[in-house]
Structures are given as C-alpha cells and as structure tokens.
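Listing of final_34.txt, compact mmCIF, C-alpha atoms
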```
# COMPACT_ATOMS: atom_id res chain seq x y z
CA MET V 23 4.43 -56.96 66.48
CA TYR V 24 6.83 -59.78 65.70
CA ILE V 25 10.30 -60.02 64.17
CA SER V 26 12.03 -63.20 63.06
CA GLU V 27 15.42 -64.31 64.29
CA TRP V 28 17.11 -63.92 60.93
CA GLU V 29 15.77 -60.37 60.70
CA ILE V 30 17.29 -59.57 64.08
CA VAL V 31 20.68 -60.83 62.93
CA LEU V 32 20.37 -58.96 59.62
CA ARG V 33 19.60 -55.65 61.32
CA LEU V 34 22.45 -56.00 63.80
CA LEU V 35 24.89 -56.84 61.00
CA MET V 36 23.67 -53.87 59.01
CA ALA V 37 24.20 -51.63 62.04
CA VAL V 38 27.78 -52.94 62.32
CA LEU V 39 28.39 -52.16 58.64
CA LEU V 40 26.93 -48.64 58.59
CA GLY V 41 28.44 -47.64 61.93
CA GLY V 42 31.80 -49.10 60.91
CA VAL V 43 31.92 -47.15 57.65
CA ILE V 44 31.52 -43.83 59.46
CA GLY V 45 33.79 -44.92 62.29
CA PHE V 46 36.54 -45.90 59.86
CA GLU V 47 36.62 -42.35 58.48
CA ARG V 48 36.95 -40.94 62.02
CA GLU V 49 39.63 -43.50 62.90
CA ARG V 50 41.59 -42.58 59.80
CA HIS V 51 41.81 -39.02 61.05
CA ASN V 52 42.96 -40.14 64.50
CA ARG V 53 39.83 -38.97 66.32
CA PRO V 54 39.16 -39.96 69.95
CA ALA V 55 36.00 -41.86 68.95
CA GLY V 56 36.78 -44.07 66.00
CA PHE V 57 35.97 -47.39 64.40
CA ARG V 58 34.97 -49.46 67.43
CA THR V 59 33.10 -46.66 69.20
CA HIS V 60 30.87 -45.92 66.22
CA ILE V 61 30.11 -49.61 65.70
CA LEU V 62 29.16 -50.05 69.37
CA VAL V 63 26.93 -46.98 69.34
CA CYS V 64 25.17 -48.03 66.13
CA VAL V 65 24.65 -51.66 67.22
CA GLY V 66 23.54 -50.62 70.70
CA SER V 67 21.01 -48.17 69.28
CA ALA V 68 19.65 -50.81 66.88
CA LEU V 69 19.27 -53.30 69.72
CA LEU V 70 17.49 -50.76 71.93
CA MET V 71 15.09 -49.96 69.12
CA MET V 72 14.30 -53.64 68.52
CA VAL V 73 13.81 -54.30 72.23
CA SER V 74 11.54 -51.29 72.49
CA ALA V 75 9.48 -52.19 69.42
CA TYR V 76 9.39 -55.99 69.56
CA GLY V 77 10.91 -57.33 72.75
CA PHE V 78 8.04 -56.70 75.15
CA THR V 79 5.38 -57.98 72.76
CA ALA V 80 7.33 -61.17 72.10
CA HIS V 81 7.56 -62.01 75.80
CA LEU V 82 4.36 -60.51 77.23
CA GLY V 83 1.96 -61.29 74.39
CA THR V 84 0.05 -59.27 71.85
CA GLN V 85 -2.26 -57.82 74.50
CA PHE V 86 0.65 -55.67 75.68
CA HIS V 87 0.95 -52.42 73.73
CA PRO V 88 4.47 -50.96 74.14
CA ASP V 89 5.58 -47.44 73.32
CA PRO V 90 8.52 -47.96 70.90
CA GLY V 91 9.71 -44.39 71.38
CA ARG V 92 10.40 -44.49 75.11
CA ILE V 93 13.54 -46.62 75.22
CA ALA V 94 14.78 -45.10 71.96
CA ALA V 95 14.46 -41.59 73.40
CA GLY V 96 16.41 -42.62 76.48
CA GLY V 97 19.13 -44.10 74.31
CA VAL V 98 19.54 -40.88 72.34
CA THR V 99 19.87 -38.95 75.60
CA GLY V 100 22.58 -41.33 76.77
CA ILE V 101 24.48 -40.90 73.51
CA GLY V 102 24.85 -37.24 74.40
CA PHE V 103 27.17 -38.14 77.27
CA ILE V 104 29.41 -40.15 74.94
CA GLY V 105 29.50 -37.29 72.46
CA ALA V 106 30.39 -34.83 75.19
CA GLY V 107 33.36 -37.00 76.09
CA THR V 108 34.86 -36.49 72.63
CA ILE V 109 34.76 -32.69 72.85
CA LEU V 110 38.00 -31.21 74.15
CA GLN V 111 38.63 -27.62 75.13
CA GLN V 112 42.27 -26.65 75.05
CA ARG V 113 43.36 -23.07 75.67
CA GLY V 114 40.46 -21.39 73.92
CA SER V 115 40.03 -23.88 71.09
CA ILE V 116 37.32 -26.53 70.94
CA ARG V 117 37.92 -29.84 69.20
CA GLY V 118 35.83 -32.90 68.61
CA LEU V 119 32.50 -31.29 67.69
CA THR V 120 32.37 -33.10 64.35
CA THR V 121 33.11 -36.46 65.98
CA ALA V 122 30.45 -35.81 68.62
CA ALA V 123 28.00 -35.04 65.82
CA THR V 124 28.86 -38.27 63.97
CA ILE V 125 28.26 -40.28 67.14
CA TRP V 126 24.83 -38.67 67.49
CA VAL V 127 24.01 -39.33 63.82
CA VAL V 128 25.25 -42.93 64.10
CA SER V 129 22.88 -43.49 67.00
CA GLY V 130 20.07 -42.31 64.74
CA VAL V 131 21.24 -44.65 62.00
CA GLY V 132 21.18 -47.52 64.48
CA LEU V 133 17.64 -46.65 65.59
CA ALA V 134 16.51 -46.52 61.95
CA VAL V 135 18.07 -49.91 61.24
CA GLY V 136 16.51 -51.37 64.38
CA ILE V 137 13.01 -50.37 63.33
CA GLY V 138 13.58 -51.53 59.73
CA PHE V 139 13.92 -48.11 58.08
CA TYR V 140 16.73 -49.32 55.82
CA LEU V 141 16.51 -46.67 53.10
CA GLY V 142 16.75 -43.82 55.58
CA SER V 143 19.72 -45.35 57.38
CA ILE V 144 21.66 -46.03 54.17
CA VAL V 145 21.00 -42.59 52.65
CA THR V 146 21.93 -40.88 55.93
CA THR V 147 25.21 -42.80 56.09
CA ALA V 148 25.97 -41.75 52.52
CA PHE V 149 25.27 -38.10 53.35
CA VAL V 150 27.50 -38.29 56.44
CA LEU V 151 30.39 -39.67 54.37
CA ILE V 152 29.91 -36.99 51.74
CA SER V 153 29.97 -34.34 54.45
CA LEU V 154 33.12 -35.72 56.09
CA LEU V 155 35.08 -36.51 52.93
CA THR V 156 34.01 -33.82 50.47
CA LEU V 157 32.77 -30.76 52.33
CA ARG V 158 36.09 -30.40 54.17
CA ARG V 159 37.71 -29.30 50.93
CA VAL V 160 34.77 -27.03 50.16
CA GLU V 161 35.20 -25.36 53.55
CA ARG V 162 38.88 -24.77 52.90
CA SER V 163 38.12 -23.31 49.47
CA PHE V 164 35.32 -20.91 50.43
CA PHE V 165 36.22 -20.08 54.03
CA TYR V 166 39.94 -19.56 53.60
CA ARG V 167 39.80 -16.37 55.70
CA ARG V 168 39.42 -18.48 58.81
CA ARG V 169 43.16 -19.02 58.87
CA LEU V 170 43.78 -19.31 62.63
CA LYS V 171 44.88 -22.89 63.19
CA ASN V 172 46.12 -25.02 66.07
CA LEU V 173 49.56 -26.56 65.74
CA THR V 174 51.00 -28.92 68.35
CA VAL V 175 54.56 -30.20 68.23
CA ARG V 176 55.74 -32.99 70.53
CA ALA V 177 59.49 -33.21 70.92
CA VAL V 178 62.39 -34.13 73.16
CA ASP V 179 62.96 -31.35 75.68
CA GLN V 180 66.15 -29.53 74.67
CA PRO V 181 67.53 -25.97 74.63
CA GLY V 182 66.74 -23.84 71.61
CA LEU V 183 64.06 -26.09 70.12
CA LEU V 184 61.28 -23.53 70.54
CA GLY V 185 63.35 -20.98 68.67
CA ARG V 186 64.07 -23.39 65.82
CA ILE V 187 60.38 -24.19 65.47
CA GLY V 188 59.60 -20.47 65.45
CA SER V 189 62.19 -19.91 62.72
CA THR V 190 60.71 -22.73 60.64
CA LEU V 191 57.23 -21.26 60.94
CA GLY V 192 58.55 -17.80 60.13
CA ALA V 193 60.29 -19.05 57.01
CA ALA V 194 56.90 -20.40 55.85
CA MET V 195 55.29 -16.98 56.57
CA VAL V 196 53.21 -18.55 59.35
CA ASN V 197 52.45 -15.96 62.03
CA ILE V 198 52.41 -17.20 65.63
CA ARG V 199 49.56 -15.58 67.55
CA LYS V 200 49.93 -17.55 70.78
CA SER V 201 52.24 -20.24 72.11
CA ASP V 202 52.28 -22.48 75.16
CA LEU V 203 54.87 -24.90 76.48
CA SER V 204 53.83 -27.86 78.62
CA THR V 205 55.74 -29.17 81.61
CA PRO V 206 58.37 -31.75 80.56
CA GLU V 207 57.22 -35.30 81.22
CA GLN V 208 58.81 -38.70 80.92
CA ARG V 209 56.75 -41.80 80.26
CA GLU V 210 57.90 -45.39 80.23
CA GLU V 211 57.85 -45.57 76.45
CA ASP V 212 59.93 -42.37 76.10
CA GLU V 213 63.67 -42.47 76.65
CA HIS V 214 63.97 -38.72 77.20
CA GLU V 215 61.77 -36.04 78.73
CA MET V 216 59.11 -34.96 76.25
CA VAL V 217 57.40 -31.62 75.93
CA ASN V 218 54.32 -30.45 74.00
CA MET V 219 54.45 -27.05 72.30
CA GLU V 220 51.08 -25.66 71.30
CA PHE V 221 50.76 -22.78 68.85
CA LEU V 222 47.83 -20.73 67.61
CA VAL V 223 49.02 -19.69 64.19
CA GLU V 224 47.78 -17.70 61.22
CA ALA V 225 48.43 -19.67 58.05
CA PRO V 226 48.76 -17.67 54.84
CA ARG V 227 46.68 -18.56 51.85
CA GLY V 228 48.54 -20.93 49.56
CA LEU V 229 50.72 -22.31 52.36
CA ASP V 230 52.78 -25.32 51.27
CA TYR V 231 51.68 -27.66 54.07
CA LYS V 232 53.73 -30.55 52.75
CA LYS V 233 56.96 -28.55 53.01
CA LEU V 234 56.03 -27.09 56.39
CA PHE V 235 55.33 -30.47 57.96
CA ASN V 236 58.47 -31.97 56.44
CA ASP V 237 60.58 -29.10 57.75
CA LEU V 238 59.13 -29.52 61.24
CA TYR V 239 59.82 -33.26 61.25
CA GLU V 240 63.40 -32.61 60.12
CA LEU V 241 64.09 -30.63 63.30
CA LYS V 242 66.12 -32.69 65.73
CA GLY V 243 63.98 -34.08 68.55
CA VAL V 244 60.56 -33.57 66.94
CA THR V 245 58.52 -36.79 67.17
CA GLU V 246 54.93 -35.74 66.41
CA VAL V 247 53.20 -32.89 64.60
CA HIS V 248 49.47 -32.30 65.08
CA TRP V 249 47.56 -29.89 62.84
CA GLU V 250 44.06 -28.95 64.00
CA GLY V 251 44.12 -31.96 66.32
CA GLU V 252 45.10 -34.42 63.57
CA LEU V 253 48.37 -36.30 63.74
CA VAL V 254 50.33 -35.66 60.55
CA THR V 255 52.39 -38.74 59.79
CA GLY V 256 52.95 -39.06 56.04
CA GLU V 257 52.25 -38.12 52.46
CA ASP V 258 48.67 -39.43 52.61
CA GLN V 259 47.77 -36.85 55.21
CA PHE V 260 49.72 -34.03 53.59
CA SER V 261 47.34 -34.20 50.62
CA ASP V 262 44.40 -33.28 52.87
CA TYR V 263 45.72 -29.74 53.25
CA LEU V 264 46.82 -28.98 49.70
```

What does the file become when written as structure tokens?
Amino acid sequence: MYISEWEIVLRLLMAVLLGGVIGFERERHNRPAGFRTHILVCVGSALLMMVSAYGFTAHLGTQFHPDPGRIAAGGVTGIGFIGAGTILQQRGSIRGLTTAATIWVVSGVGLAVGIGFYLGSIVTTAFVLISLLTLRRVERSFFYRRRLKNLTVRAVDQPGLLGRIGSTLGAAMVNIRKSDLSTPEQREEDEHEMVNMEFLVEAPRGLDYKKLFNDLYELKGVTEVHWEGELVTGEDQFSDYL
C-alpha cells in the first residue's frame, strides 16, 4: 500500500479542519478541552492511522504485511485518558461528559481521515455539530423537568454577599437546594480575596435567565457567573437559555 506526499498533506489538513470545527464549538462554551485540543487529537489520530496503514510498507517494502488496526486501536485507548481528564466531579455533579465524548468522536474522525474515509468523517462531523448546536435546545424543551442546575458565583469576599445572592435568587423564584462556600483565596491577578459560591438550584419553568444573570452581575463584588459550568459573560450567551 502506498500513499503520495500530497495525499498525506491533504489528509492532515482535513483533520485540522474537521477537528477545529468541533473544537471551536467547545471553545465557544468555555470547555476545558477546546479548539487546540480537538485539532491535536484529530491530527494525531490521522497520523497514527496513516503510519499504521502505509508507513511500514513504505519503509520495509511490499513483502511486509502490516495490521492497520493495531496502532489505531492503541490510539483510541490513549484518547480515553485525555477524555477522562475533561470530566470533573464537583460535590455530586459531574461535568465534562459531552466534551469527553467529542474528543473520542474526534479521534474517530481523525482515524477515518487518515485511512481516506472522507465521506464518513465529514458526515460524522456534521452530525456532531447538529448534536451540540441543535439538540441542546431540544433537551431543554422536552426534558424541562430536570430543573436542578449548578450555579457558581465568583466574587470579592465581603460580609452579606451570600445573603444578597440568596435574595436575588429568591426574587427569581429559584429554589436553593444546596450551597457551598469555598475558602477565600487571593491570586496575583486579584486585588482582593476572592471566594467561589456554589449552588445547586431548582430553576422554575419559564425562568428569565437574562434578567437573573444581569441581576447577579449587578451585585457589588460579583466578577463571574457560571451556569452549568459555562461562564456567562454577555448577551450572546444569555440567548442559549431562553
């Protein structure tokens, strides 16, 4: 089996493109594995597949009969460790499963590109994007009863702030099921001691997320608001919850 040099370059570039498209979506939602990680996984998988399928024959001659699946299988196993690193467990809630799944799928896309299965890799990338961009809204429409959400507020440590946040949530009819306050910390980039307040809340159906997030940011000392692990920073992200 033989592959030309331009075909090698083409497949690697295609792996960069397909992995980057999925990674960009993850990066946009401030996930731990984003644009660069997905590109590296996809390109690495494509290279492993090409080495497994063509590399040994090119250097050892046609009398050598490689098993293209061996290196590819090892690569998929290794991807599992990267995916596990994106899964976080915080006080009973698990985050990062979707990102871990996209890393695993991206490795498959890279393997498909490496072996020349272009149609499968392109269609799979399209399905992944549809799942990430469209099915989120479908989930929120049909599974609205799963209303327990994780809210994290990062703010300057000061007296009475926890009570003001609780009052803001209460005014929005958001029921606090569990709360936790981290130990105050001061980093070089922070002028004051900062504290993270984590809440497990029950959000009512029809909650005005835009107003809730704005009200939280208007509280003195609040610097960051995370909803379900996503940093809420502006109007573009508010629309995801409406």

List the neighbours of V:Ile61 out to 12 Å using all atoms listed in the file; skip same-chain residues closer than 6 positions along the sequence, and give me the result as a PDB file with C-alpha atoms, keeping the file's coordinate frame.
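Now in result-v3.pdb:
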```pdb
ATOM      1  CA  LEU V  34      22.450 -56.000  63.800  1.00  0.00           C
ATOM      2  CA  LEU V  35      24.890 -56.840  61.000  1.00  0.00           C
ATOM      3  CA  MET V  36      23.670 -53.870  59.010  1.00  0.00           C
ATOM      4  CA  ALA V  37      24.200 -51.630  62.040  1.00  0.00           C
ATOM      5  CA  VAL V  38      27.780 -52.940  62.320  1.00  0.00           C
ATOM      6  CA  LEU V  39      28.390 -52.160  58.640  1.00  0.00           C
ATOM      7  CA  LEU V  40      26.930 -48.640  58.590  1.00  0.00           C
ATOM      8  CA  GLY V  41      28.440 -47.640  61.930  1.00  0.00           C
ATOM      9  CA  GLY V  42      31.800 -49.100  60.910  1.00  0.00           C
ATOM     10  CA  VAL V  43      31.920 -47.150  57.650  1.00  0.00           C
ATOM     11  CA  ILE V  44      31.520 -43.830  59.460  1.00  0.00           C
ATOM     12  CA  GLY V  45      33.790 -44.920  62.290  1.00  0.00           C
ATOM     13  CA  PHE V  46      36.540 -45.900  59.860  1.00  0.00           C
ATOM     14  CA  ARG V  48      36.950 -40.940  62.020  1.00  0.00           C
ATOM     15  CA  GLU V  49      39.630 -43.500  62.900  1.00  0.00           C
ATOM     16  CA  ALA V  55      36.000 -41.860  68.950  1.00  0.00           C
ATOM     17  CA  SER V  67      21.010 -48.170  69.280  1.00  0.00           C
ATOM     18  CA  ALA V  68      19.650 -50.810  66.880  1.00  0.00           C
ATOM     19  CA  THR V 124      28.860 -38.270  63.970  1.00  0.00           C
ATOM     20  CA  ILE V 125      28.260 -40.280  67.140  1.00  0.00           C
ATOM     21  CA  VAL V 128      25.250 -42.930  64.100  1.00  0.00           C
ATOM     22  CA  SER V 129      22.880 -43.490  67.000  1.00  0.00           C
ATOM     23  CA  VAL V 131      21.240 -44.650  62.000  1.00  0.00           C
ATOM     24  CA  GLY V 132      21.180 -47.520  64.480  1.00  0.00           C
TER      25      GLY V 132
END
```

Within 6 Å of V:Val196 using only C-alpha atoms, minus same-chain residues under 3 positions, as a ChimeraX atom specification: /V:191-192,224-225

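Using only C-alpha atoms, the nearest neighbour of V:Phe149 within the list V:Val127, V:Leu229, V:Asp202, V:Val254 is V:Val127.
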
Gap from atom CA of V:Ile198 to atom CA of V:Val223 - Å, one decimal: 4.4 Å

Shortest interatomic distance to V:Val175 - which of V:His248, V:Arg50, V:Arg227, V:Lys233, counting only C-alpha atoms: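 The answer is V:His248, which sits nearest to V:Val175.
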
Proximity to V:Gln180 - best of V:Thr120, V:Lys242, V:Gly136, V:Thr205, all atoms listed in the file: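 Of all the options, V:Lys242 lies closest to V:Gln180.
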
Distance of atom CA of V:Ala177 from atom CA of V:Leu241, expressed in Å to one decimal place: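 Atom CA of V:Leu241 sits 9.3 Å away from atom CA of V:Ala177.
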
Pick from V:Ser143, V:Asn236, V:Ser189, V:Thr99, whichever lies nearest to V:Cys64 using only C-alpha atoms: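 Checking each candidate against V:Cys64, we get V:Ser143 as the closest.
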
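Among V:Gly102, V:Val150, V:Ser204, V:Met195, the residue with the shortest atom-to-atom distance to V:Glu47, counting only C-alpha atoms, is V:Val150.
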
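Proximity to V:Thr121 was assessed for V:Pro226, V:Thr59, V:Trp28, V:Leu253 counting only C-alpha atoms; the smallest distance is recorded for V:Thr59.
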
Gap from atom CA of V:Gly228 to atom CA of V:Arg199 - Å, one decimal: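 Pair atom CA of V:Gly228 / atom CA of V:Arg199 returns 18.8 Å.
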
Nearby residues (all atoms listed in the file) at most 7 Å from V:Leu173, same-chain spacing under 4 positions excluded, as a VMD selection string: chain V and resid 220 to 222 248 to 250
